[in-house]
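Next comes entry.cif, with mmCIF, C-alpha atoms.
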```cif
data_structure
#
loop_
_atom_site.label_atom_id
_atom_site.label_comp_id
_atom_site.auth_asym_id
_atom_site.auth_seq_id
_atom_site.Cartn_x
_atom_site.Cartn_y
_atom_site.Cartn_z
CA MET A 1 29.32 10.12 40.28
CA ARG A 2 26.62 7.96 41.83
CA LYS A 3 24.06 9.18 39.30
CA LEU A 4 26.50 8.47 36.49
CA LEU A 5 27.03 4.91 37.72
CA ILE A 6 23.29 4.35 37.99
CA PHE A 7 22.82 5.72 34.47
CA LEU A 8 25.54 3.47 33.07
CA CYS A 9 24.17 0.41 34.87
CA CYS A 10 20.66 1.09 33.57
CA GLY A 11 21.99 1.51 30.03
CA LEU A 12 23.94 -1.73 30.27
CA LEU A 13 20.90 -3.57 31.63
CA THR A 14 18.77 -2.26 28.76
CA CYS A 15 21.34 -3.48 26.22
CA VAL A 16 21.41 -6.92 27.84
CA ILE A 17 17.61 -7.17 27.84
CA GLU A 18 17.44 -6.08 24.19
CA ALA A 19 20.15 -8.56 23.24
CA GLN A 20 18.21 -11.38 24.92
CA GLN A 21 14.98 -10.58 23.11
CA PRO A 22 14.51 -12.68 19.97
CA HIS A 23 14.33 -11.05 16.58
CA LYS A 24 11.03 -10.93 14.78
CA TRP A 25 11.17 -13.38 11.90
CA ALA A 26 10.37 -12.48 8.29
CA VAL A 27 10.38 -14.20 4.90
CA VAL A 28 10.15 -13.23 1.23
CA LEU A 29 9.81 -15.60 -1.72
CA HIS A 30 9.48 -15.54 -5.49
CA GLY A 31 8.25 -17.97 -8.12
CA GLY A 32 9.87 -16.47 -11.20
CA ALA A 33 9.68 -13.32 -13.30
CA GLY A 34 8.82 -12.70 -16.94
CA VAL A 35 6.09 -11.52 -19.28
CA ILE A 36 3.34 -12.10 -16.75
CA GLU A 37 0.34 -9.99 -17.75
CA ARG A 38 -3.36 -10.08 -16.95
CA GLY A 39 -4.29 -10.63 -20.57
CA GLN A 40 -2.22 -13.79 -20.71
CA MET A 41 -3.56 -15.52 -17.62
CA ASP A 42 -7.08 -16.63 -16.83
CA PRO A 43 -8.50 -16.04 -13.31
CA LYS A 44 -8.39 -19.74 -12.41
CA THR A 45 -4.68 -20.02 -13.17
CA GLU A 46 -3.88 -16.80 -11.32
CA ALA A 47 -5.81 -18.07 -8.31
CA ALA A 48 -3.80 -21.31 -8.41
CA TYR A 49 -0.50 -19.41 -8.39
CA ARG A 50 -1.63 -17.19 -5.54
CA ALA A 51 -2.79 -20.16 -3.49
CA ASP A 52 0.49 -21.99 -3.95
CA LEU A 53 2.54 -18.89 -3.15
CA GLN A 54 0.49 -18.58 0.03
CA THR A 55 1.15 -22.23 0.93
CA ALA A 56 4.90 -21.91 0.33
CA LEU A 57 4.99 -18.71 2.38
CA GLN A 58 3.10 -20.42 5.21
CA LYS A 59 5.53 -23.34 5.28
CA ALA A 60 8.42 -20.94 5.79
CA ALA A 61 6.47 -18.87 8.31
CA ASP A 62 5.48 -21.93 10.36
CA THR A 63 9.10 -23.07 10.44
CA LEU A 64 10.32 -19.69 11.65
CA ASP A 65 7.50 -19.27 14.16
CA LYS A 66 8.50 -22.55 15.81
CA GLY A 67 12.05 -21.29 16.23
CA GLY A 68 13.47 -22.94 13.13
CA SER A 69 16.49 -21.45 11.41
CA ALA A 70 16.39 -19.26 8.34
CA LEU A 71 18.02 -22.16 6.47
CA ASP A 72 15.22 -24.49 7.58
CA ALA A 73 12.58 -22.04 6.39
CA VAL A 74 14.26 -21.54 3.03
CA GLU A 75 14.52 -25.28 2.48
CA ALA A 76 10.93 -26.01 3.57
CA ALA A 77 9.36 -23.45 1.25
CA ILE A 78 11.53 -24.36 -1.73
CA GLN A 79 10.90 -28.08 -1.27
CA PHE A 80 7.18 -27.36 -1.63
CA MET A 81 7.74 -25.27 -4.74
CA GLU A 82 10.01 -27.93 -6.25
CA ASP A 83 7.11 -30.38 -5.97
CA ASP A 84 4.64 -27.90 -7.47
CA PRO A 85 4.32 -28.23 -11.28
CA LEU A 86 3.30 -24.58 -11.58
CA PHE A 87 6.87 -23.44 -10.94
CA ASN A 88 10.02 -23.96 -13.01
CA ALA A 89 11.88 -25.99 -10.40
CA GLY A 90 11.84 -29.67 -9.56
CA ARG A 91 8.67 -31.27 -10.89
CA GLY A 92 7.71 -28.17 -12.88
CA ALA A 93 11.13 -27.76 -14.51
CA VAL A 94 11.44 -26.86 -18.17
CA PHE A 95 13.26 -29.08 -20.67
CA THR A 96 16.62 -28.68 -22.34
CA ALA A 97 16.89 -28.84 -26.13
CA ALA A 98 17.79 -32.51 -25.69
CA GLY A 99 14.50 -33.16 -23.90
CA LYS A 100 15.89 -33.51 -20.37
CA ASN A 101 15.23 -31.81 -17.06
CA GLU A 102 18.50 -30.47 -15.63
CA LEU A 103 18.07 -28.89 -12.22
CA ASP A 104 20.15 -26.26 -10.40
CA ALA A 105 19.96 -24.96 -6.84
CA ALA A 106 21.92 -23.06 -4.20
CA ILE A 107 21.61 -22.16 -0.53
CA MET A 108 23.66 -19.83 1.68
CA ASP A 109 23.89 -19.19 5.43
CA GLY A 110 24.33 -15.50 6.24
CA SER A 111 25.68 -16.20 9.73
CA ASN A 112 28.91 -17.82 8.52
CA LEU A 113 28.99 -17.40 4.71
CA LYS A 114 28.79 -21.14 4.19
CA ALA A 115 27.15 -22.11 0.91
CA GLY A 116 26.22 -25.12 -1.18
CA ALA A 117 25.16 -25.44 -4.80
CA VAL A 118 24.36 -28.06 -7.43
CA ALA A 119 23.91 -27.90 -11.19
CA GLY A 120 22.62 -30.26 -13.85
CA VAL A 121 21.11 -32.82 -11.50
CA THR A 122 18.52 -35.19 -12.95
CA ARG A 123 17.57 -37.71 -10.25
CA THR A 124 17.42 -35.84 -6.93
CA ARG A 125 13.85 -34.98 -5.96
CA HIS A 126 14.78 -31.85 -4.02
CA PRO A 127 17.82 -30.04 -5.43
CA ILE A 128 17.63 -27.44 -2.64
CA SER A 129 18.16 -30.18 -0.06
CA LEU A 130 21.09 -31.48 -2.07
CA ALA A 131 22.61 -27.98 -2.12
CA ARG A 132 22.29 -27.87 1.66
CA ALA A 133 23.90 -31.30 1.95
CA VAL A 134 26.83 -30.10 -0.15
CA MET A 135 27.22 -27.15 2.23
CA GLU A 136 26.96 -29.19 5.43
CA LYS A 137 28.39 -32.60 4.50
CA SER A 138 31.18 -31.87 2.03
CA PRO A 139 34.23 -29.61 1.88
CA HIS A 140 32.96 -28.15 -1.40
CA VAL A 141 30.59 -25.42 -2.50
CA MET A 142 29.32 -26.82 -5.81
CA LEU A 143 28.78 -30.28 -7.28
CA ILE A 144 27.42 -30.93 -10.77
CA GLY A 145 25.78 -33.60 -12.90
CA SER A 146 25.89 -37.29 -12.09
CA GLY A 147 28.44 -36.73 -9.34
CA ALA A 148 25.99 -34.47 -7.52
CA ASP A 149 23.24 -37.07 -7.86
CA GLU A 150 25.57 -39.77 -6.54
CA PHE A 151 26.40 -37.55 -3.56
CA ALA A 152 22.66 -37.12 -2.92
CA ALA A 153 22.07 -40.87 -2.94
CA ALA A 154 25.07 -41.49 -0.68
CA ASN A 155 23.66 -39.02 1.84
CA GLY A 156 20.18 -40.51 1.93
CA LEU A 157 18.27 -37.90 -0.06
CA GLU A 158 15.21 -39.01 -1.97
CA MET A 159 16.05 -40.16 -5.49
CA VAL A 160 13.57 -40.44 -8.37
CA ASP A 161 13.50 -41.55 -11.97
CA PRO A 162 14.05 -38.59 -14.34
CA SER A 163 10.49 -39.10 -15.62
CA PHE A 164 9.29 -37.86 -12.21
CA PHE A 165 10.02 -34.29 -13.33
CA PHE A 166 8.06 -34.58 -16.60
CA THR A 167 5.01 -32.37 -17.08
CA GLU A 168 3.09 -32.16 -20.32
CA ARG A 169 2.84 -28.38 -20.21
CA ARG A 170 6.61 -27.97 -20.07
CA TRP A 171 7.09 -30.54 -22.82
CA GLN A 172 4.72 -28.66 -25.11
CA GLU A 173 6.62 -25.44 -24.34
CA LEU A 174 9.79 -27.18 -25.50
CA VAL A 175 8.14 -28.42 -28.68
CA ASP A 176 6.82 -24.94 -29.47
CA GLU A 177 10.21 -23.33 -28.84
CA LEU A 178 12.15 -25.84 -30.95
CA LYS A 179 9.68 -25.47 -33.81
CA LYS A 180 10.09 -21.70 -33.65
CA GLU A 181 13.88 -22.10 -33.77
CA GLY A 182 13.72 -24.69 -36.55
CA LYS A 183 15.49 -27.29 -34.41
CA PRO A 184 14.76 -31.03 -34.18
CA ILE A 185 12.34 -32.24 -31.55
CA PRO A 186 13.77 -35.02 -29.36
CA PRO A 187 11.80 -38.17 -28.55
CA ARG A 188 9.62 -38.08 -25.48
CA PRO A 189 11.50 -39.19 -22.38
CA ASN A 190 11.42 -42.80 -21.26
CA GLY A 191 8.75 -43.64 -18.72
CA VAL A 192 6.16 -41.10 -19.83
CA SER A 193 3.02 -41.50 -21.89
CA PRO A 194 3.70 -41.56 -25.65
CA VAL A 195 0.62 -39.44 -26.28
CA GLY A 196 0.50 -36.08 -24.61
CA ALA A 197 -2.59 -34.79 -22.85
CA PRO A 198 -3.53 -31.16 -23.41
CA PRO A 199 -1.46 -28.98 -21.06
CA SER A 200 -3.24 -27.01 -18.38
CA PRO A 201 -3.63 -23.33 -19.29
CA ALA A 202 -1.07 -21.07 -17.66
CA GLY A 203 -0.55 -18.25 -20.07
CA LYS A 204 1.90 -18.16 -22.93
CA PRO A 205 5.32 -19.83 -22.60
CA GLU A 206 6.96 -16.43 -22.34
CA ALA A 207 5.25 -15.99 -18.99
CA HIS A 208 7.64 -18.57 -17.59
CA LYS A 209 10.72 -17.54 -19.51
CA PHE A 210 12.64 -16.76 -16.35
CA GLY A 211 10.88 -19.20 -14.05
CA THR A 212 12.86 -19.87 -10.89
CA VAL A 213 11.89 -20.15 -7.24
CA GLY A 214 13.69 -18.50 -4.36
CA VAL A 215 13.34 -17.70 -0.68
CA VAL A 216 15.12 -15.34 1.72
CA ALA A 217 14.42 -15.49 5.44
CA LEU A 218 15.26 -13.92 8.80
CA ASP A 219 14.92 -16.12 11.90
CA LYS A 220 14.40 -15.40 15.60
CA GLN A 221 18.13 -15.71 16.19
CA GLY A 222 18.74 -12.75 13.88
CA ASN A 223 20.32 -14.80 11.09
CA ILE A 224 19.42 -14.59 7.41
CA ALA A 225 19.67 -17.13 4.59
CA ALA A 226 18.92 -17.38 0.89
CA GLY A 227 18.05 -20.22 -1.45
CA THR A 228 17.20 -20.58 -5.14
CA SER A 229 16.11 -23.51 -7.31
CA THR A 230 15.42 -23.73 -11.04
CA GLY A 231 15.03 -25.82 -14.14
CA GLY A 232 16.73 -23.12 -16.21
CA LEU A 233 15.61 -21.99 -19.65
CA THR A 234 13.34 -23.83 -22.07
CA ALA A 235 15.40 -25.43 -24.86
CA LYS A 236 18.68 -24.46 -23.22
CA MET A 237 21.87 -25.95 -24.63
CA TRP A 238 23.30 -29.07 -23.03
CA GLY A 239 25.36 -28.22 -19.99
CA ARG A 240 24.13 -24.63 -19.70
CA VAL A 241 24.15 -23.30 -16.15
CA GLY A 242 22.55 -20.00 -15.20
CA ASP A 243 22.89 -17.72 -12.20
CA SER A 244 20.72 -19.58 -9.68
CA PRO A 245 23.46 -21.91 -8.34
CA ILE A 246 26.23 -19.33 -8.71
CA ILE A 247 27.00 -17.87 -5.29
CA GLY A 248 27.02 -14.09 -5.64
CA ALA A 249 25.07 -14.05 -8.88
CA GLY A 250 21.62 -15.50 -8.22
CA THR A 251 22.03 -16.37 -4.56
CA TYR A 252 23.83 -14.68 -1.66
CA ALA A 253 23.45 -14.15 2.10
CA ASP A 254 25.56 -12.27 4.65
CA ASN A 255 24.36 -11.10 8.07
CA ARG A 256 26.43 -7.94 7.59
CA SER A 257 24.31 -6.83 4.66
CA CYS A 258 21.45 -8.87 3.23
CA ALA A 259 20.18 -12.07 1.64
CA VAL A 260 19.17 -12.12 -2.03
CA SER A 261 17.60 -14.58 -4.47
CA GLY A 262 17.26 -13.71 -8.13
CA THR A 263 15.26 -14.77 -11.16
CA GLY A 264 15.94 -13.64 -14.69
CA ALA A 265 18.30 -13.81 -17.64
CA GLY A 266 21.03 -15.71 -15.86
CA GLU A 267 23.89 -14.69 -18.10
CA TYR A 268 23.34 -11.04 -17.15
CA PHE A 269 22.97 -11.84 -13.46
CA ILE A 270 26.30 -13.69 -13.58
CA ARG A 271 28.10 -10.86 -15.36
CA LEU A 272 26.76 -8.29 -12.87
CA THR A 273 27.08 -10.57 -9.81
CA VAL A 274 23.63 -9.23 -9.00
CA ALA A 275 23.06 -10.74 -5.56
CA ARG A 276 26.48 -9.87 -4.16
CA THR A 277 26.45 -6.39 -5.69
CA ILE A 278 23.18 -5.55 -3.93
CA CYS A 279 24.63 -6.70 -0.62
CA ALA A 280 27.85 -4.76 -1.24
CA LEU A 281 25.92 -1.55 -1.86
CA VAL A 282 24.18 -2.04 1.48
CA GLN A 283 27.35 -2.99 3.35
CA TYR A 284 29.86 -0.54 1.90
CA LYS A 285 27.83 2.39 0.59
CA GLY A 286 25.18 2.44 3.30
CA MET A 287 22.28 2.24 0.85
CA SER A 288 18.90 1.08 2.07
CA LEU A 289 17.96 -2.39 0.89
CA GLN A 290 15.35 -1.06 -1.53
CA GLU A 291 17.74 1.56 -2.93
CA ALA A 292 20.41 -1.07 -3.53
CA ALA A 293 17.97 -3.50 -5.15
CA ASP A 294 16.58 -0.82 -7.46
CA ASP A 295 20.04 0.47 -8.38
CA VAL A 296 21.08 -2.96 -9.62
CA ILE A 297 17.82 -4.12 -11.19
CA GLN A 298 16.25 -0.92 -12.50
CA HIS A 299 19.52 0.65 -13.66
CA GLN A 300 22.52 -1.67 -14.02
CA LEU A 301 20.60 -4.73 -15.23
CA THR A 302 18.20 -2.69 -17.36
CA ASP A 303 21.04 -0.71 -18.94
CA MET A 304 22.59 -4.00 -20.05
CA LYS A 305 19.18 -4.98 -21.49
CA GLY A 306 18.88 -7.84 -19.02
CA ASP A 307 15.52 -8.91 -17.62
CA GLY A 308 14.52 -10.27 -14.23
CA GLY A 309 14.12 -9.46 -10.58
CA ILE A 310 15.19 -10.19 -7.02
CA ILE A 311 13.85 -10.57 -3.52
CA ALA A 312 15.93 -9.50 -0.52
CA ILE A 313 15.89 -9.29 3.27
CA ASP A 314 18.23 -7.95 5.97
CA THR A 315 18.72 -8.58 9.67
CA ARG A 316 16.47 -5.63 10.56
CA GLY A 317 13.59 -7.36 8.83
CA ASP A 318 13.42 -5.11 5.78
CA MET A 319 11.74 -7.11 3.00
CA VAL A 320 12.01 -5.88 -0.59
CA TRP A 321 11.70 -6.91 -4.19
CA SER A 322 12.60 -5.25 -7.46
CA PHE A 323 11.99 -6.42 -11.04
CA ASN A 324 12.01 -4.89 -14.52
CA THR A 325 9.66 -7.42 -16.14
CA PRO A 326 5.86 -7.09 -16.47
CA GLY A 327 5.41 -9.40 -13.52
CA MET A 328 7.00 -11.59 -10.86
CA TYR A 329 5.32 -14.16 -8.65
CA ARG A 330 6.15 -12.98 -5.14
CA ALA A 331 5.05 -13.02 -1.51
CA ARG A 332 6.26 -11.85 1.90
CA ILE A 333 5.27 -11.80 5.54
CA ALA A 334 6.78 -10.63 8.82
CA GLN A 335 5.99 -11.97 12.27
CA GLY A 336 2.70 -10.50 13.43
CA GLY A 337 1.87 -9.13 9.99
CA LYS A 338 -0.35 -10.14 7.10
CA PRO A 339 0.91 -11.87 3.95
CA GLU A 340 1.42 -9.80 0.81
CA ILE A 341 1.15 -11.63 -2.50
CA GLY A 342 1.76 -10.07 -5.92
CA VAL A 343 1.86 -11.20 -9.52
CA TYR A 344 1.76 -8.14 -11.77
CA LYS A 345 3.91 -5.01 -11.96
CA ASP A 346 1.18 -2.64 -10.80
CA GLN A 347 0.68 -4.44 -7.49
CA PRO A 348 2.58 -3.47 -4.28
#
```

Take the structure in the file and give it back as structure tokens.
Amino acid sequence: MRKLLIFLCCGLLTCVIEAQQPHKWAVVLHGGAGVIERGQMDPKTEAAYRADLQTALQKAADTLDKGGSALDAVEAAIQFMEDDPLFNAGRGAVFTAAGKNELDAAIMDGSNLKAGAVAGVTRTRHPISLARAVMEKSPHVMLIGSGADEFAAANGLEMVDPSFFFTERRWQELVDELKKEGKPIPPRPNGVSPVGAPPSPAGKPEAHKFGTVGVVALDKQGNIAAGTSTGGLTAKMWGRVGDSPIIGAGTYADNRSCAVSGTGAGEYFIRLTVARTICALVQYKGMSLQEAADDVIQHQLTDMKGDGGIIAIDTRGDMVWSFNTPGMYRARIAQGGKPEIGVYKDQP
């Protein structure tokens, strides 16, 4: 009996010690998927993307290493990418057919299933921060359009003139797309130069067809979170909203399963509830995170002829991605490990 009591006490002590030890943090991010091929991108542009992916990854890693929450890490990395004109989010957002930048974003806390999302905002510098404000400072999950921008201003978020989001490269992509579709080209937005400078080379427009940025993170407290931000599709119809701000479609996080951020043909991601389906396969069917991601992306999405990819993480620190396009800008790192950065399909 005495030996049994000693054994039980030792086991209990071990459990307590393990419970007190912090989790190792980890983070995965993406910068969009599409027809991203070596022949379409010069070495200088590829180097620029890799450098900026590294910087975004480091911002999240630094936040987590200092004990910041997964939500903090997601927001920090996405804020950087929203200010980076290379990515289709924030200042690098594509234009609608009407010649406007309409921005969408979502964020979700896996520890309590709280979520916030915004769609069609035009004056908030960081849509991801607005999504978080909706989650934390309102009783709602999603706000849209001018109402969302008004909520941002009322809560002290940085507001900018819509011309802040203008980039010549994205404008020329719009012009090319509208010409191809035989549609009228809108006047250049107010507040920008009337004469366009040559856009910086970054491959063909198709390379950014599904441009979106997203981050999933695991913090030292063992909680996970997901966030996604996008400018949508080039020449999209007025009022169109894709999967990025739709909780369960392009963004989802639940400590009981996983956190997911997607990038791709939003209409398919919505119909398949891609992010939530991956998490459900993990939670209810006991699939590994990679198996679940591949089942949805390589089979379900592909069978529907949808294109795109996802990044995902779970509370054990498993970090995965899966995509059925020629490339996806992506990066990941775990505490104590080295960063992995990929662009093309044939890279790890």

**Item:** Shortest interatomic distance to A:Thr234 - which of A:Gly222, A:Gly211, A:Pro184, A:Gly39, counting only C-alpha atoms
**Value:**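 So, comparing all the options, the nearest one is A:Gly211.
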
**Message:** Restricting the calculation to all atoms listed in the file: of A:Val192, A:Ala60, A:Ala106, A:Leu233, which residue gets closest to A:Glu177?
**Reply:** A:Leu233

**Request:** Could you tell me which of A:Leu281, A:Ala131, A:Val260, A:Ala48 comes closest to A:Leu86 if we count all atoms listed in the file?
**Result:**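 Using all atoms listed in the file, the shortest distance to A:Leu86 belongs to A:Ala48.
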
**Request:** Check the smallest atom-to-atom distance from each of A:Glu150, A:Asp295, A:Asp307, A:Asp219 to A:Leu64 using only C-alpha atoms, then report the winner.
**Result:**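 Checking each of A:Glu150, A:Asp295, A:Asp307, A:Asp219 against A:Leu64, counting only C-alpha atoms, the winner is A:Asp219.
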
**Message:** One number please: atom CA of A:Asn88 to atom CA of A:Gly31, in Å, one decimal.
**Reply:** 7.9 Å

**Request:** Name the residues captured by the PyMOL selection byres ((chain A and resi 328) around 7) when it is applied to the shown file; answer as a PyMOL selection string.
**Result:** chain A and resi 32-34+36+327+329-330+343-344

Export, as a PDB file, in the frame of the given file, the selected residues with C-alpha atoms.
```pdb
ATOM      1  CA  GLY A  32       9.870 -16.470 -11.200  1.00  0.00           C
ATOM      2  CA  ALA A  33       9.680 -13.320 -13.300  1.00  0.00           C
ATOM      3  CA  GLY A  34       8.820 -12.700 -16.940  1.00  0.00           C
ATOM      4  CA  ILE A  36       3.340 -12.100 -16.750  1.00  0.00           C
ATOM      5  CA  GLY A 327       5.410  -9.400 -13.520  1.00  0.00           C
ATOM      6  CA  TYR A 329       5.320 -14.160  -8.650  1.00  0.00           C
ATOM      7  CA  ARG A 330       6.150 -12.980  -5.140  1.00  0.00           C
ATOM      8  CA  VAL A 343       1.860 -11.200  -9.520  1.00  0.00           C
ATOM      9  CA  TYR A 344       1.760  -8.140 -11.770  1.00  0.00           C
TER      10      TYR A 344
END
```

**Asked** Quick one, how far is atom CA of A:Val118 from atom CA of A:Ile297?
**Response**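 Value for the atom CA of A:Val118-atom CA of A:Ile297 distance: 25.1 Å.
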
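Going from atom CA of A:Ala89 to atom CA of A:Ala292 covers 27.2 Å.
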